[in-house]
Structure formats: structure tokens, C-alpha cells
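Participant: First the structure, which I've put down as C-alpha cells, then a few questions once you've had a look.
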Amino acid sequence: MKSSYDFAILGGGIAGVSAAYFLSKTAKVALIEREPSWGFHASGRSAAVFIEAYDNFILSDLTLDSKDFFINPDPEFSESPIVQPLGGVTVFRPDELEQAQSYLTHWQTRCPSLRLIDQSDAVSLIPILKAEAIAGAIYDPNLLSIDTHQLLQCMLRGVRKHGGQLFCGIDSEPRITLHNIWEIDVGKVSVRAPVLINAAGAWANEVALMTGQQPLPLTPARRTAAVIKVPGGAPDWPMLKTFNQQLYVKPEQPGLLVSPQDETPSAAADAYPDELDLAVAIERFEKLCEFSVSRIHRSWAGLRTLTPDRRPVLGFANTEEKFFWIAGQGGAGIQTAPALGRIAADALIHGAAISSQLDPCRFARADDVSA
């Protein structure tokens with residue numbers, strides 16, 4: 001049986017789900033995921049935090065543009081909060097003080113709530129910190145914890161409500177027909193759409209190659225996380241990060257989530273934690289904090305997909321304008337999802353312009369790529 005849609009989306013992580021949510025308000029959408037559940041890979045394994053001063057100004061803009069969606073959701077979208085206050089403490093060593101002050105100058109114009117705090121203030125916020133290991137910290141009162149599961153489920157419910165079709169647990173291969181229509185077999189149904197949206201995360205280049213499109217410089221990178229038990233369960237502390245991006249620690253039941261902030265290039269696959277990365281995470285944690293880890297409660301790894309300039313790719317990358325990319329969000333996929341989904345829908349439905357800094361074709365212009 002053939003079924004026609006305006007858009008077919010491959011990928012049931014947050015990128016595909018958010019695009020489906022916004023597109024389905026005014027268009028007929030089919031969302032297709034090959035894994036048995038939505039958000040199976042990177043989206044379901046994220047630390048899921050909202051950080052305004054994230055990586056670069058483009059990601060920060062997308063994050064800030066998503067803020068109202070998270071803080072003031074439509075009651076019909078979600079009856080309970082999607083985010084909770086958390087706060088963030090980024091500690092720095094004595095030799096990093098000048099860099100920390102430069103960082104603050106760089107970011108305070110758009111994130112005025114960021115401020116320097118001293119050792120004692122940092123330790124009062126996170127009591128297990130070793131005061132002698134730090135010179136001070138940057139405090140971010142606006143850092144939020146995001147309920148990824150709730151976000152995904154509310155968006156999926158919205159897609160269904162708007163008449164979109166969801167196909168989960170189906171491995172499929174798109175093909176182009178003689179009439180320049182994409183056709184994708186999903187069980188007994190053949191989905192047909194004039195535009196294919198590639199939101200396949202770490203597999204985005206595999207989708208491009210199987211459909212005859214030019215791949216982009218996307219690098220899947222493994223990120224490792226572990227949870228350790230803490231007496232009394234997850235404490236009421238802010239998220240702890242190191243200025244050199246070698247460790248973050250976030251309250252998570254039954255204790256603390258610890259990550260070495262690794263970004264190890266990887267093939268697209270179901271990621272598993274490496275024992276060495278776990279050992280490194282615990283070693284860094286114990287050097288910074290007065291807490292001895294006897295064992296790891298649970299651990300996992302996920303793949304974040306990076307571009308050379310650490311900006312997402314969003315838009316068409318062929319002259320026929322039938323293949324649309326949403327990929328390369330790195331570690332900011334959850335916190336930028338509302339903005340990216342809305343931009344995609346505005347471009348695809350209304351022809352709105354997309355920033356050249358997100359253009360998938362920018363990598364063909366080497367002078368436009370910056371670190």
C-alpha cells in the first residue's frame with residue numbers, strides 16, 4: 001500500500017522528532033526510526049542540560065532561541081515542567097585564572113548572569129570539592145536540567161495529534177522514483193514524499209551514501225558516562241564542570257553522573273563505554289573531589305556527531321532540493337532542538353532563509369570553515 005506525505009524524516013532522535021513536531025502542524029509527515037524505540041542512541045544517552053554559554057555563538061543563539069519553549073511550554077504540549085533549575089559550577093586551576101576571566105568577558109554580553117566565585121563559594125555549593133584543587137569557579141545560575149524522555153514523548157504525542165505517522169523499529173532504505181519522489185518501504189506501507197529529511201545522527205552520512213548524496217564532514221564521537229552511588233542519593237548540588245573540559249559531574253539517582261568529557265572518533269554503531277575511559281573519569285573525579293569510588297553503579301556511552309566548525313548542518317545540499325540535512329549538533333542536540341525544528345519547518349513550509357553558518361554546503365567553501 002502506498003501512502004503519500006509532504007515530508008519523510010529518517011531518524012527518531014531529538015533532531016528528527018523535533019522537525020516532525022513542528023512540520024506536522026501544517027504538513028503531512030512520516031517519521032521513520034529503525035531502532036525499537038525513539039531516542040535510542042545519542043538523544044537517550046545525553047546528560048540533557050541547558051547551557052546558554054555553549055561552545056560557540058551559533059549554538060548559543062540556537063539554545064537561547066529554544067529557552068522559552070522549555071521554560072514556558074504550552075499546557076497542551078506538557079502539563080508538567082520539561083526543565084528544572086540546576087545551576088552550574090565550572091572550576092578552574094590557578095594557572096587557568098586568566099583564561100577564565102577571558103572566557104567570562106567573551107560570554108557575559110549574552111549571558112550576563114555568569115559570574116566568578118571564589119574557592120569557598122564553590123565548596124559551599126558542592127561540599128565534596130577539594131578547595132586546594134581549585135582557584136575559583138564560574139557560576140551559571142541559568143543552567144537547567146532537561147527531562148529528555150518527557151520532551152521526546154510530548155513531541156511524539158504532538159506529531160500524532162497533528163496527523164503525522166510514526167514508524168518505529170523498521171530498517172528501511174529510501175529510493176528515488178522516476179517521478180523524483182522518495183519512496184521508503186516501512187513494513188506493508190510504502191511511504192512516498194517529495195522531500196527526504198536526513199536526521200539520522202551518527203548514521204547521517206550512511207543515509208546520504210545510500211541515497212546517492214554527497215556525504216559531509218561529520219565525525220561521530222564517543223562520550224562516556226557513569227553513575228556512582230552517593231549516601232542519601234542524588235544531592236541537591238549544581239552541575240560541576242572543569243574549565244579544561246576534562247570532567248563533568250551531575251546529580252543523578254542514586255548519586256552522581258560522572259563523565260571524562262571524551263570525544264573519541266568512532267564508527268556509527270551502538271556505543272559502549274571503554275574501561276579506560278571509565279577509569280579516567282573516576283581518577284579525575286577523585287582528584288577533584290573528597291569521595292572514594294568503590295564501584296560504578298552503571299555506565300554507558302553515546303555518539304555525538306561533530307562538524308569541523310562545531311556548528312550543526314541544516315538545509316538542502318543538492319540542486320534538486322529534495323534532500324534536507326539536520327545533523328552535526330554535537331552535544332547540543334537536546335538544548336537546541338526546539339529552535340532547529342522550528343527553523344527547519346519555517347524553511348520547508350514557508351521558504352524562510354536559513355543562516356549561511358548552518359548551510360550544509362559551507363564545507364565546500366574552505367575559507368568559511370573556522371574552528
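Scheme for the C-alpha cells: letters A, B, ... for chains in order shown; per-chain residue numbers from 1; ligand numbers from 1 in order shown.
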Write out as an MDAnalysis selection string the residues lying within 10 Å of region 250-264 of chain A, counting only C-alpha atoms and excluding same-chain residues fewer than 5 positions away.

Facilitator: chainID A and resid 47 49 86 88 145 219:242 244:245 277:285 296:299 301 303:306 330:331

Participant: Could you go through region 28-141 of chain A and tell me which residues DSSP, when run on the backbone, assigns to strand (DSSP E), listing them as a ChimeraX atom specification?

Facilitator: /A:29-33,49-50,83-85,88-92,115-118,136-140

Participant: Which neighbours of Thr109 (chain A) fall inside 12 Å, counting only C-alpha atoms, when residues of the same chain fewer than 6 positions from it are skipped, and could you give them as an MDAnalysis selection string?

Facilitator: chainID A and resid 52:53 57 60 103 115

Participant: Could you save the residues just selected, with C-alpha atoms, as a tab-separated table (two decimals), in the first residue's frame?

Facilitator:
```
chain	number	residue	atom	x	y	z
A	52	GLU	CA	23.45	29.11	27.37
A	53	ALA	CA	27.22	29.66	27.02
A	57	PHE	CA	27.78	31.79	19.48
A	60	SER	CA	24.33	29.65	21.98
A	103	TYR	CA	36.01	33.36	28.92
A	115	ARG	CA	29.96	35.36	37.41
```

Participant: Of the candidates A:Leu62, A:Leu31, A:Ile138, A:Leu314, which shows the shortest atom-to-atom distance to Ala347 (chain A), using only C-alpha atoms?

Facilitator: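 Between A:Leu62, A:Leu31, A:Ile138, A:Leu314, the residue approaching Ala347 (chain A) most closely is A:Leu314.
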
Participant: Residues at most 12 Å from region 94-101 of chain A, counting only C-alpha atoms, excluding those fewer than 3 positions away in the same chain, as a list of chain:residue names?

Facilitator: A:Thr90, A:Val91, A:Leu104, A:Thr105, A:His106, A:Trp107, A:Gln108, A:Leu114, A:Arg115, A:Leu116, A:Ile117, A:Asp118, A:Gln119, A:Ala131, A:Glu132, A:Ala133, A:Ile134, A:Ala135, A:Gly136, A:Ala137, A:Ile138, A:Tyr139, A:Thr242, A:Phe243, A:Asn244

Participant: Write out the residues from the selection above, keeping C-alpha atoms, as an mmCIF file, in the first residue's frame.

Facilitator:
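Writing the result to selection-v6.cif gives the following:
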```cif
data_model
loop_
_atom_site.group_PDB
_atom_site.id
_atom_site.type_symbol
_atom_site.label_atom_id
_atom_site.label_comp_id
_atom_site.auth_asym_id
_atom_site.auth_seq_id
_atom_site.Cartn_x
_atom_site.Cartn_y
_atom_site.Cartn_z
ATOM 1 C CA THR A 90 32.890 25.433 36.303
ATOM 2 C CA VAL A 91 36.056 25.219 38.380
ATOM 3 C CA LEU A 104 33.770 35.449 31.158
ATOM 4 C CA THR A 105 34.427 38.599 29.117
ATOM 5 C CA HIS A 106 33.654 36.666 25.929
ATOM 6 C CA TRP A 107 30.324 35.303 27.153
ATOM 7 C CA GLN A 108 28.898 37.839 29.626
ATOM 8 C CA LEU A 114 27.619 34.301 34.611
ATOM 9 C CA ARG A 115 29.961 35.362 37.413
ATOM 10 C CA LEU A 116 33.233 34.483 39.109
ATOM 11 C CA ILE A 117 33.059 32.918 42.577
ATOM 12 C CA ASP A 118 35.904 32.077 44.929
ATOM 13 C CA GLN A 119 37.010 28.737 46.374
ATOM 14 C CA ALA A 131 39.402 23.597 47.903
ATOM 15 C CA GLU A 132 43.136 23.146 47.345
ATOM 16 C CA ALA A 133 42.464 21.727 43.847
ATOM 17 C CA ILE A 134 40.854 24.918 42.528
ATOM 18 C CA ALA A 135 41.457 28.662 42.387
ATOM 19 C CA GLY A 136 37.818 29.557 41.900
ATOM 20 C CA ALA A 137 34.902 28.929 39.583
ATOM 21 C CA ILE A 138 32.441 30.431 37.134
ATOM 22 C CA TYR A 139 28.874 30.117 38.371
ATOM 23 C CA THR A 242 36.207 21.629 34.881
ATOM 24 C CA PHE A 243 37.359 24.601 32.838
ATOM 25 C CA ASN A 244 39.661 22.379 30.762
#
```

Participant: Extract, using only C-alpha atoms, all DNA, RNA and protein residues at most 6 Å from Gly87 (chain A), discarding same-chain residues fewer than 2 positions from it, and format them as a ChimeraX atom specification.

Facilitator: /A:140-143,238

Participant: Save out the residues we just selected, N, CA and C atoms, as an mmCIF file, in the first residue's frame.

Facilitator:
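Below you can see result-v6.cif, which holds the result:
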```cif
data_model
loop_
_atom_site.group_PDB
_atom_site.id
_atom_site.type_symbol
_atom_site.label_atom_id
_atom_site.label_comp_id
_atom_site.auth_asym_id
_atom_site.auth_seq_id
_atom_site.Cartn_x
_atom_site.Cartn_y
_atom_site.Cartn_z
ATOM 1 N N ASP A 140 27.037 29.571 36.922
ATOM 2 C CA ASP A 140 25.966 29.791 35.950
ATOM 3 C C ASP A 140 24.629 29.443 36.599
ATOM 4 N N PRO A 141 23.884 30.442 37.069
ATOM 5 C CA PRO A 141 22.608 30.153 37.728
ATOM 6 C C PRO A 141 21.513 29.708 36.766
ATOM 7 N N ASN A 142 21.732 29.892 35.443
ATOM 8 C CA ASN A 142 20.691 29.598 34.459
ATOM 9 C C ASN A 142 20.805 28.204 33.847
ATOM 10 N N LEU A 143 21.782 27.423 34.260
ATOM 11 C CA LEU A 143 21.903 26.060 33.733
ATOM 12 C C LEU A 143 20.717 25.231 34.228
ATOM 13 N N PRO A 238 24.623 21.919 42.210
ATOM 14 C CA PRO A 238 24.701 22.278 40.786
ATOM 15 C C PRO A 238 25.548 21.251 40.029
#
```

Participant: Quick one, how far is CA of Leu216 (chain A) from CA of Leu340 (chain A)?

Facilitator: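 Separation between CA of Leu216 (chain A) and CA of Leu340 (chain A): 18.5 Å.
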
Participant: Where does DSSP see alpha helix (DSSP H) in region 46-152 of chain A, if you list the residues as an NGL selection string?

Facilitator: :A and (57-71 or 97-107 or 119-125 or 148-152)

Participant: So that I can see what lies close to Thr148 (chain A), please list as a PyMOL selection string the residues with an atom at most 7 Å from it, counting only C-alpha atoms and leaving out residues fewer than 3 positions away in the same chain.

Facilitator: chain A and resi 48+151-152

Participant: Based on the selection just made, write C-alpha atoms of those residues as an mmCIF file, in the first residue's frame.

Facilitator:
```
data_model
loop_
_atom_site.group_PDB
_atom_site.id
_atom_site.type_symbol
_atom_site.label_atom_id
_atom_site.label_comp_id
_atom_site.auth_asym_id
_atom_site.auth_seq_id
_atom_site.Cartn_x
_atom_site.Cartn_y
_atom_site.Cartn_z
ATOM 1 C CA ALA A 48 20.429 16.575 28.987
ATOM 2 C CA LEU A 151 10.406 16.155 25.793
ATOM 3 C CA LEU A 152 10.502 13.310 23.258
#
```

Participant: Using only C-alpha atoms, which residues sit within 8 Å of Arg310 (chain A) once same-chain residues fewer than 4 positions away are excluded, as number ranges by chain?

Facilitator: A: 55-56, 306, 328-330, 371

Participant: For CA of Val89 (chain A) and CA of Val249 (chain A), quote the distance in Å rounded to one decimal.

Facilitator: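 Separation of CA of Val89 (chain A) and CA of Val249 (chain A): 9.8 Å.
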